[in-house]
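Participant: Below is a structure I'd like to ask you about.
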Amino acid sequence: MTSAQAFNIFEQSIRTYHVLDSVDQAFENPFDAKTLEHLLYRKNWIDTVQWHYEDLIREPSIDPVDAVALKRKIDASNQDRTDMVEYIDSYFLKHFEDVTPLTDATINTESPAWAIDRLSILALKIYHMNEEATRPSASDAHRAACATKLAVLQEQKIDLSTAIDQLLADMAAGKKYMKEYKQMKMYNDESLNPVLYKKNS
């Protein structure tokens, strides 16, 4: 799997979502459940839905009751996103389990899956910035400013993709190794969040 292949999967997910462009639409994964492609598509779909949740909750006139319900959905989506990153890292741990790290091998500042997570978000930024850069109802100044931002995002894509591919190549060669650290989010855990466990005591 290369960063280019992953990005293509992210773009496929984003395009499919925007056919209906609804956070409530049914989800279907076109890839076999046992593949990395399946995980990547699911990961980006979660990111895409959450992107639009974040748009919706910023509606100035949103009903407070609706806002709370939407915040709960965002919280659940964040947990799903973290879980998917950990599933993807588990895939890479399994994939590289037979590689013996070199004696001078080093650990990366982030795991492959968390780097891929950033690429997934970047795919969304590029898609939506391109929409703004070409939106007919926007002013010329708005489109020009967004085109400039889009160019920066495209440069970030090149840099991040290069870094991901280099990391995976270094891991395959034993120059880098990884560990899987669970995020251990405390606010979702009734035994760790004081607001929750004090209420239940």
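By convention here, the chains of the structure tokens are called A, B, ... in the order presented, each chain's residues are numbered starting at 1, and ligands are numbered starting at 1 in the order presented.
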With DSSP run on the backbone, what are the alpha helix (DSSP H) residues within chain A? I'd like them as a PyMOL selection string.

Facilitator: chain A and resi 3-20+36-56+64-95+112-133+140-172+194-200

Participant: With a distance cut-off of 12 Å and only C-alpha atoms, select the neighbouring residues of Phe7 (chain A), excluding the residue or stretch itself and same-chain residues fewer than 5 positions from it, and output the selection as a PDB file with N, CA and C atoms, in the first residue's frame.

Facilitator:
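Generated file (around_17.pdb):
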ATOM      1  N   MET A   1       0.843  -1.198   0.000  1.00  0.00           N
ATOM      2  CA  MET A   1       0.000   0.000   0.000  1.00  0.00           C
ATOM      3  C   MET A   1       0.878   1.249   0.000  1.00  0.00           C
ATOM      4  N   THR A   2       0.654   2.133  -0.960  1.00  0.00           N
ATOM      5  CA  THR A   2       1.375   3.398  -1.019  1.00  0.00           C
ATOM      6  C   THR A   2       0.442   4.535  -0.596  1.00  0.00           C
ATOM      7  N   GLN A  12     -12.283   8.369  -3.287  1.00  0.00           N
ATOM      8  CA  GLN A  12     -13.452   7.568  -3.648  1.00  0.00           C
ATOM      9  C   GLN A  12     -14.535   7.680  -2.578  1.00  0.00           C
ATOM     10  N   SER A  13     -14.128   7.590  -1.326  1.00  0.00           N
ATOM     11  CA  SER A  13     -15.058   7.726  -0.208  1.00  0.00           C
ATOM     12  C   SER A  13     -15.722   9.108  -0.210  1.00  0.00           C
ATOM     13  N   ILE A  14     -14.929  10.138  -0.386  1.00  0.00           N
ATOM     14  CA  ILE A  14     -15.445  11.516  -0.362  1.00  0.00           C
ATOM     15  C   ILE A  14     -16.426  11.743  -1.511  1.00  0.00           C
ATOM     16  N   GLU A  37      -7.650  -1.879   2.463  1.00  0.00           N
ATOM     17  CA  GLU A  37      -8.500  -0.948   1.724  1.00  0.00           C
ATOM     18  C   GLU A  37      -9.835  -0.732   2.437  1.00  0.00           C
ATOM     19  N   LEU A  40      -9.263   1.623   5.328  1.00  0.00           N
ATOM     20  CA  LEU A  40      -8.997   2.988   4.896  1.00  0.00           C
ATOM     21  C   LEU A  40     -10.273   3.677   4.418  1.00  0.00           C
ATOM     22  N   TYR A  41     -11.106   2.936   3.690  1.00  0.00           N
ATOM     23  CA  TYR A  41     -12.358   3.513   3.207  1.00  0.00           C
ATOM     24  C   TYR A  41     -13.264   3.864   4.380  1.00  0.00           C
ATOM     25  N   LYS A  43     -12.336   4.441   7.450  1.00  0.00           N
ATOM     26  CA  LYS A  43     -11.699   5.538   8.182  1.00  0.00           C
ATOM     27  C   LYS A  43     -12.074   6.888   7.576  1.00  0.00           C
ATOM     28  N   ASN A  44     -11.954   7.004   6.257  1.00  0.00           N
ATOM     29  CA  ASN A  44     -12.251   8.285   5.636  1.00  0.00           C
ATOM     30  C   ASN A  44     -13.737   8.606   5.684  1.00  0.00           C
ATOM     31  N   ILE A 116      -1.407   8.385   8.281  1.00  0.00           N
ATOM     32  CA  ILE A 116      -2.461   8.165   7.288  1.00  0.00           C
ATOM     33  C   ILE A 116      -3.734   8.891   7.691  1.00  0.00           C
ATOM     34  N   ASP A 117      -3.994   8.978   8.989  1.00  0.00           N
ATOM     35  CA  ASP A 117      -5.125   9.764   9.481  1.00  0.00           C
ATOM     36  C   ASP A 117      -5.011  11.211   9.011  1.00  0.00           C
ATOM     37  N   ARG A 118      -3.835  11.772   9.084  1.00  0.00           N
ATOM     38  CA  ARG A 118      -3.636  13.160   8.630  1.00  0.00           C
ATOM     39  C   ARG A 118      -3.847  13.280   7.120  1.00  0.00           C
ATOM     40  N   LEU A 119      -3.466  12.223   6.379  1.00  0.00           N
ATOM     41  CA  LEU A 119      -3.670  12.233   4.931  1.00  0.00           C
ATOM     42  C   LEU A 119      -5.158  12.188   4.595  1.00  0.00           C
ATOM     43  N   SER A 120      -5.920  11.448   5.373  1.00  0.00           N
ATOM     44  CA  SER A 120      -7.366  11.371   5.173  1.00  0.00           C
ATOM     45  C   SER A 120      -8.017  12.740   5.380  1.00  0.00           C
ATOM     46  N   ILE A 121      -7.628  13.418   6.442  1.00  0.00           N
ATOM     47  CA  ILE A 121      -8.155  14.755   6.699  1.00  0.00           C
ATOM     48  C   ILE A 121      -7.709  15.728   5.608  1.00  0.00           C
ATOM     49  N   LEU A 122      -6.486  15.562   5.144  1.00  0.00           N
ATOM     50  CA  LEU A 122      -5.976  16.432   4.093  1.00  0.00           C
ATOM     51  C   LEU A 122      -6.777  16.250   2.806  1.00  0.00           C
ATOM     52  N   ALA A 123      -7.182  15.018   2.514  1.00  0.00           N
ATOM     53  CA  ALA A 123      -8.009  14.764   1.327  1.00  0.00           C
ATOM     54  C   ALA A 123      -9.321  15.537   1.414  1.00  0.00           C
ATOM     55  N   LEU A 124      -9.891  15.603   2.614  1.00  0.00           N
ATOM     56  CA  LEU A 124     -11.122  16.369   2.812  1.00  0.00           C
ATOM     57  C   LEU A 124     -10.882  17.872   2.648  1.00  0.00           C
ATOM     58  N   ILE A 126      -8.612  19.295   0.813  1.00  0.00           N
ATOM     59  CA  ILE A 126      -8.393  19.565  -0.611  1.00  0.00           C
ATOM     60  C   ILE A 126      -9.719  19.567  -1.368  1.00  0.00           C
ATOM     61  N   TYR A 127     -10.569  18.589  -1.080  1.00  0.00           N
ATOM     62  CA  TYR A 127     -11.860  18.512  -1.760  1.00  0.00           C
ATOM     63  C   TYR A 127     -12.682  19.774  -1.515  1.00  0.00           C
ATOM     64  N   LYS A 157       0.191  17.748   0.661  1.00  0.00           N
ATOM     65  CA  LYS A 157      -0.089  16.372   0.236  1.00  0.00           C
ATOM     66  C   LYS A 157       1.179  15.689  -0.268  1.00  0.00           C
ATOM     67  N   ILE A 158       1.949  16.394  -1.072  1.00  0.00           N
ATOM     68  CA  ILE A 158       3.198  15.822  -1.599  1.00  0.00           C
ATOM     69  C   ILE A 158       4.159  15.504  -0.454  1.00  0.00           C
ATOM     70  N   LEU A 160       3.536  15.119   2.860  1.00  0.00           N
ATOM     71  CA  LEU A 160       3.041  14.079   3.761  1.00  0.00           C
ATOM     72  C   LEU A 160       3.083  12.709   3.099  1.00  0.00           C
ATOM     73  N   SER A 161       2.719  12.654   1.824  1.00  0.00           N
ATOM     74  CA  SER A 161       2.754  11.378   1.105  1.00  0.00           C
ATOM     75  C   SER A 161       4.177  10.831   1.023  1.00  0.00           C
ATOM     76  N   ILE A 164       5.119   9.427   4.449  1.00  0.00           N
ATOM     77  CA  ILE A 164       4.463   8.141   4.730  1.00  0.00           C
ATOM     78  C   ILE A 164       5.138   7.020   3.965  1.00  0.00           C
TER      79      ILE A 164
END

Participant: Excluding same-chain residues fewer than 6 positions from Arg143 (chain A), what lies within 12 Å of it counting only C-alpha atoms, as a list in words?

Facilitator: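 Using only C-alpha atoms, the neighbours found are Met129, Asn130, Glu131, Glu132, Ala133, Thr134, Arg135, Pro136, Ser137, Lys149 and Leu150 of chain A.
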
Participant: Using CA of Tyr177 (chain A) and CA of Pro112 (chain A) as the two end points, give the distance in Å to one decimal.

Facilitator: 10.1 Å

Participant: Using only C-alpha atoms, determine which residues lie at most 8 Å from region 77-88 of chain A, disregarding the query and same-chain residues fewer than 4 positions distant; provide the list as a ChimeraX atom specification.

Facilitator: /A:36,39-40,42-43,46-47,50,73,92,113-114,117,180,182-183

Participant: Keeping only C-alpha atoms, take the residues you just selected and write them out as a short mmCIF file (atom, residue, chain, number, x, y, z; two decimals), in the first residue's frame.

Facilitator:
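Written file, result_14.cif:
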data_model
loop_
_atom_site.label_atom_id
_atom_site.label_comp_id
_atom_site.auth_asym_id
_atom_site.auth_seq_id
_atom_site.Cartn_x
_atom_site.Cartn_y
_atom_site.Cartn_z
CA LEU A 36 -6.46 -2.68 4.41
CA LEU A 39 -10.17 -0.06 6.82
CA LEU A 40 -9.00 2.99 4.90
CA ARG A 42 -14.18 3.19 6.53
CA LYS A 43 -11.70 5.54 8.18
CA ILE A 46 -15.98 8.50 9.43
CA ASP A 47 -13.84 11.60 8.82
CA GLN A 50 -17.65 14.16 11.05
CA LYS A 73 -22.66 12.25 17.58
CA PHE A 92 0.81 -2.66 10.07
CA ALA A 113 -1.86 4.93 10.89
CA TRP A 114 -1.75 8.34 12.56
CA ASP A 117 -5.12 9.76 9.48
CA GLU A 180 1.02 0.50 19.17
CA LYS A 182 -3.71 2.95 22.66
CA GLN A 183 -5.10 6.47 22.98
#

Participant: Hey, can you check how far CA of Gln156 (chain A) sits from CA of Arg15 (chain A)?

Facilitator: 20.8 Å

Participant: May I have all residues of region 78-183 of chain A that DSSP, computed from the backbone, assigns to strand (DSSP E or B), given as a ChimeraX atom specification?

Facilitator: /A:106-107,176-177

Participant: Output C-alpha atoms of each residue in that selection to a file, as a PDB file, in the first residue's frame.

Facilitator:
ATOM      1  CA  THR A 106      14.597   4.210  15.492  1.00  0.00           C
ATOM      2  CA  ILE A 107      10.960   4.779  16.326  1.00  0.00           C
ATOM      3  CA  LYS A 176      12.267   2.063  11.675  1.00  0.00           C
ATOM      4  CA  TYR A 177      10.004   0.161  14.034  1.00  0.00           C
TER       5      TYR A 177
END

Participant: Report as JSON, numbers by chain all protein, DNA and RNA residues lying within 10 Å of Ala26 (chain A), evaluated on only C-alpha atoms, omitting residues in the same chain fewer than 4 positions from it.

Facilitator: {"A": [17, 20, 22]}

Participant: Please, could you write that set of residues out with C-alpha atoms as a PDB file, in the first residue's frame?

Facilitator:
ATOM      1  CA  TYR A  17     -20.493  10.633   0.267  1.00  0.00           C
ATOM      2  CA  LEU A  20     -26.242  12.353  -1.435  1.00  0.00           C
ATOM      3  CA  SER A  22     -26.155  13.687   3.934  1.00  0.00           C
TER       4      SER A  22
END

Participant: If we count only C-alpha atoms and set the cut-off at 12 Å, which residues sit around Asp55 (chain A), ignoring sequence neighbours fewer than 2 positions away in its own chain? Please answer as a list in words.

Facilitator: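 After dropping sequence-adjacent residues, the list is Ser22, Val23, Thr48, Val49, Gln50, Trp51, His52, Tyr53, Ile57, Arg58, Glu59, Pro60, Ile62, Ala67, Leu70, Lys71, Ile74 and His128 of chain A.
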
Participant: For CA of Asp165 (chain A) and CA of Asp32 (chain A), determine how far apart the two atoms are, in Å to one decimal place.

Facilitator: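 So the two atoms, CA of Asp165 (chain A) and CA of Asp32 (chain A), lie 23.4 Å apart.
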
Participant: Smallest atom-to-atom distance to Gln154 (chain A): which of A:Gln166, A:Lys198, A:Tyr181, A:Lys125, using only C-alpha atoms?

Facilitator: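 Looking at the shortest contact to Gln154 (chain A), the residue is A:Lys125.
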